[in-house]
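Structure first, commentary second.
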Amino acid sequence: MWAKNNPAKFWTPGSTLRIAFLNGTQAFKDATITAASNWLPHINLKFDFVEGEVGDIRILSEEGTFSSLIGTDALLHPDEPTMKLWPHPGQARYFAANAMHEFGHMLGAEHEQTNPTADIPWDKPAIYAQFGITENPEDDDSQARVTRERLHQWYLDRADPSESIYSEYDRKSIMHYVIYQSWTKGDFQNFLNLSLSDKDKAFMAKAYPYPAETSQ
């Protein structure tokens with residue numbers, strides 16, 4: 001797991017984060033709370049889930065979207081949703097995995113496939129071809145430029161270790177995207193991870209530590 005080397009992105013350990021639901025069914029809210037609570041045994045934070053528009057985090061139930069601002073960036077947008085979750089009735093494990101992923105972003109984590117220590121054998125020409133762009137950026141129109149930038153941001157460009165806080169690359173991380181075999185050289189693919197990995201838990205435990213116990 002990794003995060004940008006900016007302590008201000010992390011919430012203050014010991015804090016209670018007020019998490020507001022802007023909309024959604026009760027089933028959606030219950031599923032979100034259950035998924036998010038998987039992080040709580042490993043971090044020195046509390047979540048206070050509330051109704052309405054006032055919260056450090058504001059969740060919008062929206063079809064077709066899973067997204068979240070990173071860490072305390074949520075405080076920079078007080079009048080907007082800071083997290084969007086796509087309800088999936090009947091697909092509890094899929095929804096839970098994606099909700100945990102977005103709460104990982106909310107806690108400050110970035111995408112694991114761009115971890116500074118990731119060494120994924122990308123087949124860039126194959127990826128470009130699948131997304132309808134060429135290997136030459138000079139061929140790009142405005143839409144192709146956006147596509148290329150997103151592919152590099154989300155998949156192809158590893159983070160600079162000097163600008164990152166990170167643990168060893170973890171293919172089991174909840175923050176890892178699916179990687180298709182056709183996108184890589186050799187024998188490499190990654191399926192959807194459905195639960196927090198041991199390294200996820202350890203990373204966040206260090207990011208949000210409990211006070212050291214003092215001897216009497």
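As shown in the structure tokens, the chain order sets the letters A, B, ...; within each chain, residues go from 1, and ligands are also counted from 1 in the order they appear.
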
Within 12 Å of Arg145 in chain A, counting only C-alpha atoms, which residues qualify if same-chain residues fewer than 2 places away don't, as a VMD selection string? chain A and resid 128 131 to 143 147 to 152

Selection near Tyr94 in chain A, 12 Å with only C-alpha atoms, sequence-local residues under 3 positions removed, as a PyMOL selection string: chain A and resi 31-32+35+66+85-91+97-101+174+191-195

DSSP-assigned strand (DSSP E) members of range 15-213 of chain A, reported as a ChimeraX atom specification: /A:16-21,46-51,57-61,67-68,83-85,164-166

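Ranking A:Ala92, A:Ile165, A:Ile33, A:Ile179 by their shortest atom-to-atom distance to Ile127 in chain A, with only C-alpha atoms included, puts A:Ile179 first.
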
Would you list, as a PyMOL selection string, the residues of chain A that end up in helix (DSSP H, G or I) under DSSP run on this structure's backbone? chain A and resi 7-9+26-42+71-76+92-106+112-114+124-130+137-139+142-156+161-163+181-183+198-207

Compile the contact shell of range 102-117 of chain A as a PDB file with N, CA and C atoms, in the first residue's frame: residues with an atom at most 7 Å away, counting only C-alpha atoms, same-chain residues fewer than 6 positions apart removed.
ATOM      1  N   MET A   1       0.850  -1.180   0.000  1.00  0.00           N
ATOM      2  CA  MET A   1       0.000   0.000   0.000  1.00  0.00           C
ATOM      3  C   MET A   1       0.886   1.230   0.000  1.00  0.00           C
ATOM      4  N   TRP A   2       0.341   2.339  -0.538  1.00  0.00           N
ATOM      5  CA  TRP A   2       1.150   3.543  -0.531  1.00  0.00           C
ATOM      6  C   TRP A   2       0.270   4.781  -0.488  1.00  0.00           C
ATOM      7  N   ALA A   3       0.888   5.887  -0.083  1.00  0.00           N
ATOM      8  CA  ALA A   3       0.222   7.190  -0.053  1.00  0.00           C
ATOM      9  C   ALA A   3       1.233   8.243  -0.459  1.00  0.00           C
ATOM     10  N   LYS A   9      -2.505  14.843   4.315  1.00  0.00           N
ATOM     11  CA  LYS A   9      -3.556  14.032   3.691  1.00  0.00           C
ATOM     12  C   LYS A   9      -4.188  13.070   4.694  1.00  0.00           C
ATOM     13  N   PHE A  10      -3.440  12.739   5.765  1.00  0.00           N
ATOM     14  CA  PHE A  10      -3.963  11.831   6.774  1.00  0.00           C
ATOM     15  C   PHE A  10      -4.784  12.601   7.806  1.00  0.00           C
ATOM     16  N   ALA A  36     -17.264  -0.287   5.377  1.00  0.00           N
ATOM     17  CA  ALA A  36     -16.310   0.682   5.921  1.00  0.00           C
ATOM     18  C   ALA A  36     -15.761   0.248   7.269  1.00  0.00           C
ATOM     19  N   SER A  67     -15.971   6.383  -6.464  1.00  0.00           N
ATOM     20  CA  SER A  67     -14.885   7.363  -6.421  1.00  0.00           C
ATOM     21  C   SER A  67     -14.804   7.967  -5.024  1.00  0.00           C
ATOM     22  N   SER A  68     -13.645   8.522  -4.706  1.00  0.00           N
ATOM     23  CA  SER A  68     -13.474   9.208  -3.434  1.00  0.00           C
ATOM     24  C   SER A  68     -12.314  10.187  -3.537  1.00  0.00           C
ATOM     25  N   LEU A  69     -12.437  11.314  -2.873  1.00  0.00           N
ATOM     26  CA  LEU A  69     -11.295  12.195  -2.689  1.00  0.00           C
ATOM     27  C   LEU A  69     -10.304  11.516  -1.746  1.00  0.00           C
ATOM     28  N   ILE A  70      -9.048  11.947  -1.830  1.00  0.00           N
ATOM     29  CA  ILE A  70      -7.988  11.329  -1.035  1.00  0.00           C
ATOM     30  C   ILE A  70      -7.853  12.033   0.316  1.00  0.00           C
ATOM     31  N   GLY A  71      -8.042  11.278   1.381  1.00  0.00           N
ATOM     32  CA  GLY A  71      -7.805  11.792   2.722  1.00  0.00           C
ATOM     33  C   GLY A  71      -8.504  13.111   3.008  1.00  0.00           C
ATOM     34  N   TYR A 155      -2.686   3.277 -14.115  1.00  0.00           N
ATOM     35  CA  TYR A 155      -2.035   1.980 -14.285  1.00  0.00           C
ATOM     36  C   TYR A 155      -0.528   2.062 -14.504  1.00  0.00           C
ATOM     37  N   ASP A 157       2.107   4.407 -14.712  1.00  0.00           N
ATOM     38  CA  ASP A 157       3.178   5.206 -14.113  1.00  0.00           C
ATOM     39  C   ASP A 157       3.319   4.906 -12.631  1.00  0.00           C
ATOM     40  N   ARG A 158       4.465   4.376 -12.247  1.00  0.00           N
ATOM     41  CA  ARG A 158       4.727   4.134 -10.840  1.00  0.00           C
ATOM     42  C   ARG A 158       5.019   5.450 -10.129  1.00  0.00           C
ATOM     43  N   ALA A 159       4.639   5.516  -8.854  1.00  0.00           N
ATOM     44  CA  ALA A 159       4.891   6.717  -8.066  1.00  0.00           C
ATOM     45  C   ALA A 159       6.383   6.881  -7.791  1.00  0.00           C
ATOM     46  N   ASP A 160       6.790   8.113  -7.610  1.00  0.00           N
ATOM     47  CA  ASP A 160       8.169   8.430  -7.258  1.00  0.00           C
ATOM     48  C   ASP A 160       8.387   8.062  -5.785  1.00  0.00           C
ATOM     49  N   PRO A 161       9.342   7.161  -5.502  1.00  0.00           N
ATOM     50  CA  PRO A 161       9.543   6.752  -4.109  1.00  0.00           C
ATOM     51  C   PRO A 161       9.923   7.905  -3.190  1.00  0.00           C
ATOM     52  N   GLU A 168       5.871  -2.595   0.776  1.00  0.00           N
ATOM     53  CA  GLU A 168       6.180  -3.414  -0.398  1.00  0.00           C
ATOM     54  C   GLU A 168       4.917  -3.666  -1.223  1.00  0.00           C
ATOM     55  N   TYR A 169       5.076  -3.644  -2.542  1.00  0.00           N
ATOM     56  CA  TYR A 169       3.965  -3.879  -3.466  1.00  0.00           C
ATOM     57  C   TYR A 169       3.170  -5.115  -3.067  1.00  0.00           C
ATOM     58  N   SER A 173      -3.750  -6.272  -2.169  1.00  0.00           N
ATOM     59  CA  SER A 173      -4.290  -5.051  -1.568  1.00  0.00           C
ATOM     60  C   SER A 173      -5.693  -4.730  -2.084  1.00  0.00           C
ATOM     61  N   MET A 175      -6.615  -1.942  -2.575  1.00  0.00           N
ATOM     62  CA  MET A 175      -6.427  -0.761  -3.413  1.00  0.00           C
ATOM     63  C   MET A 175      -5.921  -1.118  -4.817  1.00  0.00           C
ATOM     64  N   HIS A 176      -5.832  -2.403  -5.123  1.00  0.00           N
ATOM     65  CA  HIS A 176      -5.316  -2.852  -6.430  1.00  0.00           C
ATOM     66  C   HIS A 176      -6.456  -3.001  -7.426  1.00  0.00           C
ATOM     67  N   TYR A 177      -6.278  -2.473  -8.610  1.00  0.00           N
ATOM     68  CA  TYR A 177      -7.233  -2.679  -9.691  1.00  0.00           C
ATOM     69  C   TYR A 177      -7.094  -4.084 -10.277  1.00  0.00           C
TER      70      TYR A 177
END

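Nearest residue to Leu196 in chain A among A:Pro121, A:Gly64, A:Pro78, A:Pro41 is A:Pro41, counting only C-alpha atoms.
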
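Ranking A:Asn44, A:Phe28, A:Ile57, A:Asp170 by their shortest atom-to-atom distance to Thr12 in chain A, with only C-alpha atoms included, puts A:Asn44 first.
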
Contacts of Gly55 in chain A within 6 Å, only C-alpha atoms, excl. fewer than 6 positions in-chain, as a list in words: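 Near neighbours after the sequence-gap exclusion: Arg18, Ile19 and Ala20 of chain A.
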
Work out how far apart CA of Ser15 in chain A and CA of Val50 in chain A are and give it in Å to one decimal.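 CA of Val50 in chain A lies 15.9 Å from CA of Ser15 in chain A.
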
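Atom to atom, CA of Tyr208 in chain A and CA of Thr16 in chain A stand 12.1 Å apart.
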
In Å and to one decimal, CA of Pro7 in chain A is distant from CA of Asp200 in chain A by 17.8 Å

List the neighbours of Trp122 in chain A out to 10 Å using only C-alpha atoms; skip same-chain residues closer than 3 positions along the sequence, and give me the result as a ChimeraX atom specification. /A:119,125-127,155-156,179,181-186,188

Using all heavy atoms, can you write the selected residues to a file as a compact mmCIF listing (two decimals), in the first residue's frame?
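Here's the written file again11.txt:
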# COMPACT_ATOMS: atom_id res chain seq x y z
N ASP A 119 6.25 -3.86 -10.04
CA ASP A 119 7.03 -4.17 -11.25
C ASP A 119 6.16 -5.00 -12.19
O ASP A 119 6.47 -6.15 -12.51
CB ASP A 119 8.31 -4.93 -10.87
CG ASP A 119 9.27 -5.04 -12.03
OD1 ASP A 119 9.12 -4.25 -12.99
OD2 ASP A 119 10.15 -5.92 -11.99
N PRO A 125 1.67 -1.45 -25.82
CA PRO A 125 0.97 -1.41 -27.11
C PRO A 125 -0.39 -2.10 -27.08
O PRO A 125 -1.36 -1.63 -27.67
CB PRO A 125 1.95 -2.13 -28.05
CG PRO A 125 3.29 -1.90 -27.44
CD PRO A 125 3.05 -1.95 -25.96
N ALA A 126 -0.48 -3.22 -26.34
CA ALA A 126 -1.75 -3.95 -26.26
C ALA A 126 -2.80 -3.13 -25.51
O ALA A 126 -3.97 -3.10 -25.88
CB ALA A 126 -1.54 -5.29 -25.57
N ILE A 127 -2.36 -2.47 -24.44
CA ILE A 127 -3.29 -1.64 -23.67
C ILE A 127 -3.76 -0.46 -24.52
O ILE A 127 -4.96 -0.15 -24.57
CB ILE A 127 -2.63 -1.14 -22.37
CG1 ILE A 127 -2.26 -2.32 -21.48
CG2 ILE A 127 -3.55 -0.18 -21.63
CD1 ILE A 127 -1.47 -1.92 -20.25
N TYR A 155 -2.69 3.28 -14.12
CA TYR A 155 -2.04 1.98 -14.29
C TYR A 155 -0.53 2.06 -14.50
O TYR A 155 0.23 1.42 -13.79
CB TYR A 155 -2.64 1.23 -15.48
CG TYR A 155 -4.08 0.83 -15.32
CD1 TYR A 155 -5.10 1.59 -15.89
CD2 TYR A 155 -4.44 -0.33 -14.62
CE1 TYR A 155 -6.43 1.22 -15.75
CE2 TYR A 155 -5.76 -0.71 -14.49
CZ TYR A 155 -6.76 0.07 -15.06
OH TYR A 155 -8.07 -0.30 -14.93
N LEU A 156 -0.09 2.79 -15.50
CA LEU A 156 1.23 2.58 -16.07
C LEU A 156 2.38 3.29 -15.36
O LEU A 156 3.52 2.83 -15.42
CB LEU A 156 1.22 2.98 -17.55
CG LEU A 156 0.21 2.24 -18.43
CD1 LEU A 156 0.23 2.80 -19.85
CD2 LEU A 156 0.49 0.74 -18.44
N ILE A 179 -6.19 -6.48 -13.15
CA ILE A 179 -5.24 -6.43 -14.26
C ILE A 179 -5.51 -7.64 -15.15
O ILE A 179 -5.43 -8.79 -14.69
CB ILE A 179 -3.77 -6.48 -13.77
CG1 ILE A 179 -3.49 -5.34 -12.78
CG2 ILE A 179 -2.82 -6.42 -14.96
CD1 ILE A 179 -3.58 -3.96 -13.35
N GLN A 181 -4.87 -10.38 -18.17
CA GLN A 181 -3.71 -11.04 -18.76
C GLN A 181 -3.30 -10.40 -20.09
O GLN A 181 -2.11 -10.28 -20.40
CB GLN A 181 -4.02 -12.53 -18.98
CG GLN A 181 -2.88 -13.33 -19.58
CD GLN A 181 -1.71 -13.49 -18.62
OE1 GLN A 181 -1.82 -14.16 -17.62
NE2 GLN A 181 -0.60 -12.83 -18.93
N SER A 182 -4.28 -9.98 -20.87
CA SER A 182 -4.00 -9.39 -22.19
C SER A 182 -3.28 -8.05 -22.09
O SER A 182 -2.79 -7.54 -23.10
CB SER A 182 -5.30 -9.22 -22.98
OG SER A 182 -6.19 -8.35 -22.30
N TRP A 183 -3.20 -7.48 -20.91
CA TRP A 183 -2.54 -6.19 -20.73
C TRP A 183 -1.07 -6.33 -20.35
O TRP A 183 -0.37 -5.33 -20.22
CB TRP A 183 -3.23 -5.38 -19.62
CG TRP A 183 -4.61 -4.93 -19.95
CD1 TRP A 183 -5.35 -5.21 -21.06
CD2 TRP A 183 -5.44 -4.10 -19.13
NE1 TRP A 183 -6.58 -4.61 -20.98
CE2 TRP A 183 -6.67 -3.93 -19.80
CE3 TRP A 183 -5.27 -3.50 -17.89
CZ2 TRP A 183 -7.71 -3.16 -19.28
CZ3 TRP A 183 -6.30 -2.75 -17.36
CH2 TRP A 183 -7.51 -2.58 -18.06
N THR A 184 -0.62 -7.56 -20.14
CA THR A 184 0.75 -7.75 -19.65
C THR A 184 1.51 -8.75 -20.51
O THR A 184 0.94 -9.51 -21.28
CB THR A 184 0.74 -8.27 -18.20
OG1 THR A 184 0.14 -9.58 -18.16
CG2 THR A 184 -0.02 -7.34 -17.27
N LYS A 185 2.82 -8.73 -20.33
CA LYS A 185 3.69 -9.70 -20.99
C LYS A 185 3.93 -10.85 -20.02
O LYS A 185 4.05 -10.65 -18.83
CB LYS A 185 5.01 -9.04 -21.37
CG LYS A 185 4.86 -7.86 -22.32
CD LYS A 185 6.20 -7.18 -22.54
CE LYS A 185 6.06 -5.96 -23.44
NZ LYS A 185 7.35 -5.25 -23.62
N GLY A 186 4.04 -12.06 -20.56
CA GLY A 186 4.28 -13.21 -19.71
C GLY A 186 3.00 -13.63 -19.00
O GLY A 186 1.90 -13.51 -19.53
N PHE A 188 0.96 -12.72 -16.03
CA PHE A 188 0.61 -11.81 -14.94
C PHE A 188 -0.81 -11.33 -15.13
O PHE A 188 -1.16 -10.78 -16.18
CB PHE A 188 1.56 -10.61 -14.90
CG PHE A 188 1.36 -9.74 -13.69
CD1 PHE A 188 2.22 -9.81 -12.61
CD2 PHE A 188 0.29 -8.85 -13.62
CE1 PHE A 188 2.03 -9.02 -11.48
CE2 PHE A 188 0.10 -8.05 -12.50
CZ PHE A 188 0.97 -8.14 -11.43

Counting only C-alpha atoms, the option among A:Asn38, A:Asn6, A:Ser197, A:Thr65 closest to Ser164 in chain A: A:Asn6
